[in-house]
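First the structure, in the form of structure tokens, and then the observations on it.
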Amino acid sequence: MTLLRRNAVPAFLLLSVLAGAGCATLDDATKLGASLGVSKGVVTQEQATSITKVTKAVAKTFEDITPEQEYYIGRTVGAVIVNRYKPYPDPGANGYLNLVGQTLAQASDRPETFGGYHFLILDSPEINAFAAPGGLIFVSRGMLRCCTTEDAVAAVLAHEIAHVQLRHGLQAIDSSRLTHALTTLGAEGAKSYGDKRLADLTKDFEGSVRDVTSTLINNGYSRSFEREADAAAVTILARVGYDPAGLVAMLGEMEKNLKPGGPDFAKTHPSPKSRVEEIERRAGAAKTLAVVPSRQARFQAGLGKL
Amino acid sequence: MSVQVKQGQVRASPSFLGKVVVTLDYGDRVETLEEKDGWIRVVPPAKKAPGWMHSSALSEKRIVLKAGKKEAELAASSGELALAGKGFNADVEAEFKARNKGINFAWIDRMQDMTVPPDEVQAFLREGDLTPGKGDGQ
């Protein structure tokens with residue numbers, strides 16, 4: 001018994017150290033680790049085979065998160081955001097934002113999420129916007145003030161919808177949490193969660209939510225994720241009939257208003273200038289944004305008071 | 001395929017402007033007939049009349065609503081099954097709320113009640129001189 005326990009410890013430690021690695025790497029590394037264990041006489045061949053098998057079964061990535069679980073992660077990420085930034089409760093302004101947003105979401109590559117797309121204005125002068133996994137999207141008053149047309153508002157929302165569509169938020173979650181949580185699930189079966197199991201799962205959940213919120217609020221995504229989101233936004237805008245020049249116009253206004261060192265997009269996003277350069281490199285120089293009277297009237301009515 | 005959203009709408013035509021002919025529940029299985037631009041023509045359960053669903057509402061995985069031990073193990077080790085109501089779920093959210101009393105979910109619930117009926121989207125497009133597909137010739 002003592003011998004068995006002593007043998008089991010290094011193998012388990014090895015697994016937990018490796019759990020942060022990517023899927024394929026994890027599998028390969030485990031095989032390597034397990035065979036090293038055998039050569040050092042720490043684990044038997046039989047144990048090594050079993051370790052490899054188990055790890056293959058439990059190496060999980062964001063792709064294993066079902067839309068239903070994404071929905072619960074997104075609700076709590078959203079709750080953390082609205083508890084940090086106060087909502088702007090005006091029904092007219094939020095109603096208008098939801099009309100623009102819903103129209104765009106339907107034109108995205110992922111129009112259906114478990115709980116659908118919903119949009120809310122945050123009462124903050126910061127220039128900020130957040131997309132929680134599953135489609136809860138938040139935009140600050142400061143960000144909307146950078147928009148002088150409906151096409152520009154649409155550009156902000158299309159960029160956030162793109163983050164949801166591409167599941168960028170979920171990719172911020174440390175894969176070791178998912179491996180742990182989704183394995184708990186496999187072991188549990190049909191029984192309802194015991195107290196301990198629920199506590200464990202909630203810890204993984206809290207960690208996952210923290211990974212996402214700290215990325216959205218503090219660290220920002222990689223430049224390549226932002227580039228992807230801008231490219232997808234241009235496609236969504238074009239599909240609805242908005243002028244993609246709205247994105248460039250909005251970024252121009254943002255450039256003027258962002259304060260260096262600010263806690264908002266100044267910190268979490270590539271500079272507006274570099275985003276414009278990237279967009280124009282792909283799509284050609286943007287034309288001047290034409291103001292469409294029918295859209296301008298409802299834009300003023302919806303967001304003019306901000 | 002299985003419905004992977006809370007409510008899966010089946011439409012008369014492959015478009016969000018198409019009339020909703022039946023609404024399916026999470027986990028319902030459908031037979032697939034054909035695919036067109038991201039839309040899938042499906043036969044709903046009980047062989048109801050076929051209609052169109054957007055592919056993002058459907059999963060290749062079989063979604064098991066009440067999983068036994070064997071299915072739970074299979075879901076953990078293969079990609080063929082997904083377990084409904086397991087993992088990060090309402091129980092976990094309730095436990096999170098109990099441990100984080102300072103975080104209020106009231107606005108999230110209000111936000112989820114903000115919905116836009118399809119005819120309003122249609123009117124919004126029309127009144128704003130927005131013609132889908134005419135943005136930049138894509």
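Each chain of the structure tokens is named A, B, ... in the order shown, its residues numbered from 1; ligands are numbered from 1 in display order.
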Test item: chain A residues at most 7 Å from chain B, counting only C-alpha atoms, as a ChimeraX atom specification: /A:57-58,67,69,72,75,78-80,83,99,102-103,110-115,118-120,181-183,185-187,189-190,198,202,205,237-243,294-295
Could you save those same residues with C-alpha atoms as a PDB file, in the first residue's frame?
```pdb
ATOM      1  CA  ALA A  57      -9.674  10.961 -21.988  1.00  0.00           C
ATOM      2  CA  VAL A  58      -9.502  14.108 -19.896  1.00  0.00           C
ATOM      3  CA  PRO A  67     -23.272  26.191 -25.549  1.00  0.00           C
ATOM      4  CA  GLN A  69     -22.152  25.813 -20.179  1.00  0.00           C
ATOM      5  CA  TYR A  72     -23.672  30.006 -17.602  1.00  0.00           C
ATOM      6  CA  ARG A  75     -24.064  35.136 -17.329  1.00  0.00           C
ATOM      7  CA  GLY A  78     -21.733  39.636 -17.367  1.00  0.00           C
ATOM      8  CA  ALA A  79     -22.737  39.926 -13.706  1.00  0.00           C
ATOM      9  CA  VAL A  80     -19.143  40.739 -12.739  1.00  0.00           C
ATOM     10  CA  ASN A  83     -21.287  45.080 -10.814  1.00  0.00           C
ATOM     11  CA  LEU A  99     -32.353  46.543 -32.458  1.00  0.00           C
ATOM     12  CA  GLN A 102     -29.963  41.820 -33.062  1.00  0.00           C
ATOM     13  CA  THR A 103     -29.999  42.749 -36.731  1.00  0.00           C
ATOM     14  CA  ARG A 110     -23.142  32.285 -35.339  1.00  0.00           C
ATOM     15  CA  PRO A 111     -26.613  33.806 -35.114  1.00  0.00           C
ATOM     16  CA  GLU A 112     -27.843  31.293 -32.532  1.00  0.00           C
ATOM     17  CA  THR A 113     -26.315  30.879 -29.106  1.00  0.00           C
ATOM     18  CA  PHE A 114     -27.882  29.047 -26.177  1.00  0.00           C
ATOM     19  CA  GLY A 115     -29.525  32.143 -24.706  1.00  0.00           C
ATOM     20  CA  HIS A 118     -28.512  40.851 -25.650  1.00  0.00           C
ATOM     21  CA  PHE A 119     -27.019  44.340 -25.384  1.00  0.00           C
ATOM     22  CA  LEU A 120     -26.685  46.811 -22.507  1.00  0.00           C
ATOM     23  CA  ALA A 181     -14.178  20.398 -14.340  1.00  0.00           C
ATOM     24  CA  LEU A 182     -15.178  18.256 -17.293  1.00  0.00           C
ATOM     25  CA  THR A 183     -13.562  15.210 -15.745  1.00  0.00           C
ATOM     26  CA  LEU A 185     -18.500  15.621 -14.743  1.00  0.00           C
ATOM     27  CA  GLY A 186     -17.490  12.322 -16.366  1.00  0.00           C
ATOM     28  CA  ALA A 187     -16.861  10.670 -13.026  1.00  0.00           C
ATOM     29  CA  GLY A 189     -22.563  10.318 -14.005  1.00  0.00           C
ATOM     30  CA  ALA A 190     -26.250  10.619 -13.453  1.00  0.00           C
ATOM     31  CA  LEU A 198     -20.426  20.947  -6.413  1.00  0.00           C
ATOM     32  CA  THR A 202     -17.847  25.927  -8.507  1.00  0.00           C
ATOM     33  CA  PHE A 205     -16.270  27.885 -12.518  1.00  0.00           C
ATOM     34  CA  LEU A 237     -21.605  44.939 -41.483  1.00  0.00           C
ATOM     35  CA  ALA A 238     -21.500  44.324 -45.219  1.00  0.00           C
ATOM     36  CA  ARG A 239     -24.019  41.479 -44.973  1.00  0.00           C
ATOM     37  CA  VAL A 240     -26.562  43.729 -43.251  1.00  0.00           C
ATOM     38  CA  GLY A 241     -25.971  46.625 -45.624  1.00  0.00           C
ATOM     39  CA  TYR A 242     -24.034  48.916 -43.277  1.00  0.00           C
ATOM     40  CA  ASP A 243     -21.044  50.752 -44.650  1.00  0.00           C
ATOM     41  CA  SER A 294     -33.309  57.657 -42.138  1.00  0.00           C
ATOM     42  CA  ARG A 295     -30.673  56.049 -39.906  1.00  0.00           C
TER      43      ARG A 295
END
```
Name the residues of chain B that come out as strand (DSSP E or B) in a backbone DSSP run; write them as a short mmCIF file (atom, residue, chain, number, x, y, z; two decimals) with N, CA and C atoms, in the first residue's frame.
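Result file is out26.cif:
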```cif
data_model
loop_
_atom_site.label_atom_id
_atom_site.label_comp_id
_atom_site.auth_asym_id
_atom_site.auth_seq_id
_atom_site.Cartn_x
_atom_site.Cartn_y
_atom_site.Cartn_z
N SER B 2 -28.75 17.41 -32.95
CA SER B 2 -29.51 17.79 -31.76
C SER B 2 -29.59 19.31 -31.64
N VAL B 3 -30.71 19.79 -31.08
CA VAL B 3 -30.87 21.21 -30.83
C VAL B 3 -29.98 21.59 -29.64
N GLN B 7 -34.09 27.39 -27.10
CA GLN B 7 -35.27 27.23 -27.95
C GLN B 7 -34.84 27.25 -29.41
N GLY B 8 -35.13 26.18 -30.13
CA GLY B 8 -34.70 26.10 -31.52
C GLY B 8 -35.87 26.34 -32.46
N GLN B 9 -35.76 27.42 -33.23
CA GLN B 9 -36.87 27.74 -34.13
C GLN B 9 -36.70 27.10 -35.50
N VAL B 10 -37.77 26.46 -35.94
CA VAL B 10 -37.79 25.87 -37.28
C VAL B 10 -38.62 26.81 -38.16
N ARG B 11 -38.03 27.20 -39.29
CA ARG B 11 -38.68 28.22 -40.14
C ARG B 11 -39.12 27.67 -41.48
N VAL B 20 -41.77 31.25 -38.35
CA VAL B 20 -41.45 30.14 -37.44
C VAL B 20 -42.61 29.15 -37.48
N VAL B 21 -42.32 27.90 -37.88
CA VAL B 21 -43.40 26.91 -37.99
C VAL B 21 -43.50 26.04 -36.73
N VAL B 22 -42.36 25.82 -36.08
CA VAL B 22 -42.42 25.08 -34.81
C VAL B 22 -41.16 25.43 -34.00
N THR B 23 -41.32 25.42 -32.67
CA THR B 23 -40.18 25.70 -31.80
C THR B 23 -39.80 24.43 -31.06
N LEU B 24 -38.51 24.06 -31.15
CA LEU B 24 -38.05 22.81 -30.52
C LEU B 24 -37.31 23.10 -29.22
N ASP B 25 -37.22 22.07 -28.38
CA ASP B 25 -36.55 22.20 -27.10
C ASP B 25 -35.09 21.78 -27.20
N ARG B 29 -33.96 15.81 -31.06
CA ARG B 29 -33.22 15.27 -32.21
C ARG B 29 -33.98 15.58 -33.49
N GLU B 31 -33.89 15.00 -37.93
CA GLU B 31 -33.28 14.36 -39.10
C GLU B 31 -32.93 15.48 -40.07
N THR B 32 -31.79 15.32 -40.78
CA THR B 32 -31.42 16.40 -41.69
C THR B 32 -31.66 15.98 -43.14
N LEU B 33 -32.11 16.93 -43.94
CA LEU B 33 -32.43 16.64 -45.34
C LEU B 33 -31.44 17.29 -46.30
N GLU B 34 -31.18 18.60 -46.12
CA GLU B 34 -30.24 19.29 -47.02
C GLU B 34 -29.68 20.52 -46.33
N GLU B 35 -28.61 21.07 -46.88
CA GLU B 35 -27.98 22.25 -46.31
C GLU B 35 -27.85 23.33 -47.37
N LYS B 36 -28.05 24.59 -46.93
CA LYS B 36 -27.98 25.69 -47.88
C LYS B 36 -27.51 26.95 -47.15
N TRP B 39 -27.88 27.09 -43.47
CA TRP B 39 -29.19 26.64 -42.98
C TRP B 39 -29.36 25.16 -43.29
N ILE B 40 -30.04 24.46 -42.39
CA ILE B 40 -30.23 23.02 -42.59
C ILE B 40 -31.72 22.72 -42.58
N ARG B 41 -32.16 21.97 -43.59
CA ARG B 41 -33.58 21.59 -43.65
C ARG B 41 -33.73 20.32 -42.81
N VAL B 42 -34.60 20.39 -41.83
CA VAL B 42 -34.70 19.29 -40.85
C VAL B 42 -36.13 18.75 -40.75
N VAL B 43 -36.19 17.50 -40.30
CA VAL B 43 -37.48 16.92 -39.92
C VAL B 43 -37.53 16.93 -38.40
N GLY B 51 -38.68 21.81 -41.96
CA GLY B 51 -38.46 23.25 -42.01
C GLY B 51 -36.98 23.52 -41.87
N TRP B 52 -36.61 24.79 -41.79
CA TRP B 52 -35.19 25.17 -41.80
C TRP B 52 -34.73 25.66 -40.43
N MET B 53 -33.54 25.21 -40.03
CA MET B 53 -32.91 25.73 -38.80
C MET B 53 -31.52 26.22 -39.16
N HIS B 54 -31.06 27.27 -38.48
CA HIS B 54 -29.68 27.70 -38.72
C HIS B 54 -28.74 26.68 -38.09
N LEU B 58 -27.71 23.82 -34.05
CA LEU B 58 -27.66 22.36 -34.05
C LEU B 58 -26.26 21.83 -33.75
N SER B 59 -26.20 20.64 -33.16
CA SER B 59 -24.93 19.99 -32.87
C SER B 59 -24.93 18.58 -33.45
N ARG B 62 -24.86 13.94 -29.87
CA ARG B 62 -26.15 13.58 -29.29
C ARG B 62 -26.20 14.24 -27.91
N ILE B 63 -27.20 15.03 -27.65
CA ILE B 63 -27.31 15.70 -26.36
C ILE B 63 -28.20 14.86 -25.45
N VAL B 64 -27.62 14.40 -24.36
CA VAL B 64 -28.34 13.50 -23.47
C VAL B 64 -28.90 14.31 -22.31
N LEU B 81 -20.99 12.56 -27.47
CA LEU B 81 -22.12 12.88 -26.60
C LEU B 81 -21.88 14.19 -25.89
N ALA B 82 -22.95 14.90 -25.58
CA ALA B 82 -22.86 16.04 -24.68
C ALA B 82 -23.96 15.86 -23.65
N LEU B 83 -23.65 16.21 -22.41
CA LEU B 83 -24.64 16.03 -21.35
C LEU B 83 -25.33 17.35 -21.06
#
```
For Ser224 of chain A, which residue among A:Ile81, A:Ile127, A:Met254, A:Leu166 is the nearest when counting only C-alpha atoms? A:Leu166
Determine, counting only C-alpha atoms, which protein, DNA and RNA residues have an atom within 8 Å of an atom of Ser108 of chain A; residues of the same chain fewer than 6 positions away are not included. Present the result as a JSON list (two decimals) with C-alpha atoms, in the first residue's frame.
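Once written, selection13.json looks like this:
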```json
[["chain", "number", "residue", "atom", "x", "y", "z"],
["A", 161, "ILE", "CA", -20.47, 39.94, -31.85],
["A", 162, "ALA", "CA", -17.40, 38.69, -33.71],
["A", 165, "GLN", "CA", -18.88, 34.12, -32.78],
["A", 236, "ILE", "CA", -21.13, 41.22, -40.75]]
```
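Between atom CA of Gly284 of chain A and atom CA of Glu226 of chain A the separation is 18.3 Å.
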May I have the residues within 10 Å of Arg141 of chain A as a PDB file with C-alpha atoms, in the first residue's frame, using only C-alpha atoms and disregarding those fewer than 6 positions away in the same chain?
```pdb
ATOM      1  CA  PRO A  87     -25.731  49.986 -16.167  1.00  0.00           C
ATOM      2  CA  TYR A  88     -27.272  52.951 -17.996  1.00  0.00           C
ATOM      3  CA  ILE A 121     -25.207  50.309 -22.143  1.00  0.00           C
ATOM      4  CA  LEU A 122     -22.822  50.935 -19.230  1.00  0.00           C
ATOM      5  CA  ASP A 123     -22.917  54.319 -17.497  1.00  0.00           C
ATOM      6  CA  SER A 124     -19.192  54.971 -17.767  1.00  0.00           C
ATOM      7  CA  PRO A 125     -17.135  57.671 -19.518  1.00  0.00           C
ATOM      8  CA  GLU A 126     -14.440  55.062 -20.266  1.00  0.00           C
ATOM      9  CA  ILE A 127     -14.151  53.975 -23.885  1.00  0.00           C
ATOM     10  CA  ASN A 128     -15.001  50.351 -23.398  1.00  0.00           C
ATOM     11  CA  ALA A 129     -17.010  47.379 -24.678  1.00  0.00           C
ATOM     12  CA  LEU A 303     -28.545  57.698 -28.381  1.00  0.00           C
ATOM     13  CA  LEU A 306     -25.808  60.119 -24.085  1.00  0.00           C
TER      14      LEU A 306
END
```
Quick one: everything within 6 Å of segment 208-222 of chain A, counting only C-alpha atoms, minus sequence neighbours fewer than 3 positions away in the same chain. Send it as a PDB file with N, CA and C atoms, in the first residue's frame.
```pdb
ATOM      1  N   VAL A  77     -19.893  36.139 -16.029  1.00  0.00           N
ATOM      2  CA  VAL A  77     -18.949  37.152 -16.532  1.00  0.00           C
ATOM      3  C   VAL A  77     -19.705  38.491 -16.652  1.00  0.00           C
ATOM      4  N   GLY A 169     -13.646  34.623 -25.839  1.00  0.00           N
ATOM      5  CA  GLY A 169     -13.709  34.663 -24.366  1.00  0.00           C
ATOM      6  C   GLY A 169     -13.373  33.315 -23.757  1.00  0.00           C
ATOM      7  N   ALA A 172      -9.816  32.202 -23.308  1.00  0.00           N
ATOM      8  CA  ALA A 172      -9.004  32.800 -22.245  1.00  0.00           C
ATOM      9  C   ALA A 172      -8.955  31.890 -21.011  1.00  0.00           C
ATOM     10  N   ILE A 173      -9.803  30.866 -20.998  1.00  0.00           N
ATOM     11  CA  ILE A 173      -9.869  29.996 -19.817  1.00  0.00           C
ATOM     12  C   ILE A 173      -8.711  29.003 -19.824  1.00  0.00           C
ATOM     13  N   PHE A 205     -15.407  26.885 -11.881  1.00  0.00           N
ATOM     14  CA  PHE A 205     -16.270  27.885 -12.518  1.00  0.00           C
ATOM     15  C   PHE A 205     -15.784  29.295 -12.175  1.00  0.00           C
ATOM     16  N   PHE A 225      -6.384  38.047 -32.250  1.00  0.00           N
ATOM     17  CA  PHE A 225      -7.825  37.934 -31.978  1.00  0.00           C
ATOM     18  C   PHE A 225      -8.535  39.233 -32.368  1.00  0.00           C
ATOM     19  N   THR A 268      -6.451  47.753 -23.332  1.00  0.00           N
ATOM     20  CA  THR A 268      -6.774  46.377 -23.734  1.00  0.00           C
ATOM     21  C   THR A 268      -6.752  46.127 -25.237  1.00  0.00           C
TER      22      THR A 268
END
```
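The space between atom CA of Val248 of chain A and atom CA of Ala266 of chain A spans 16.8 Å.
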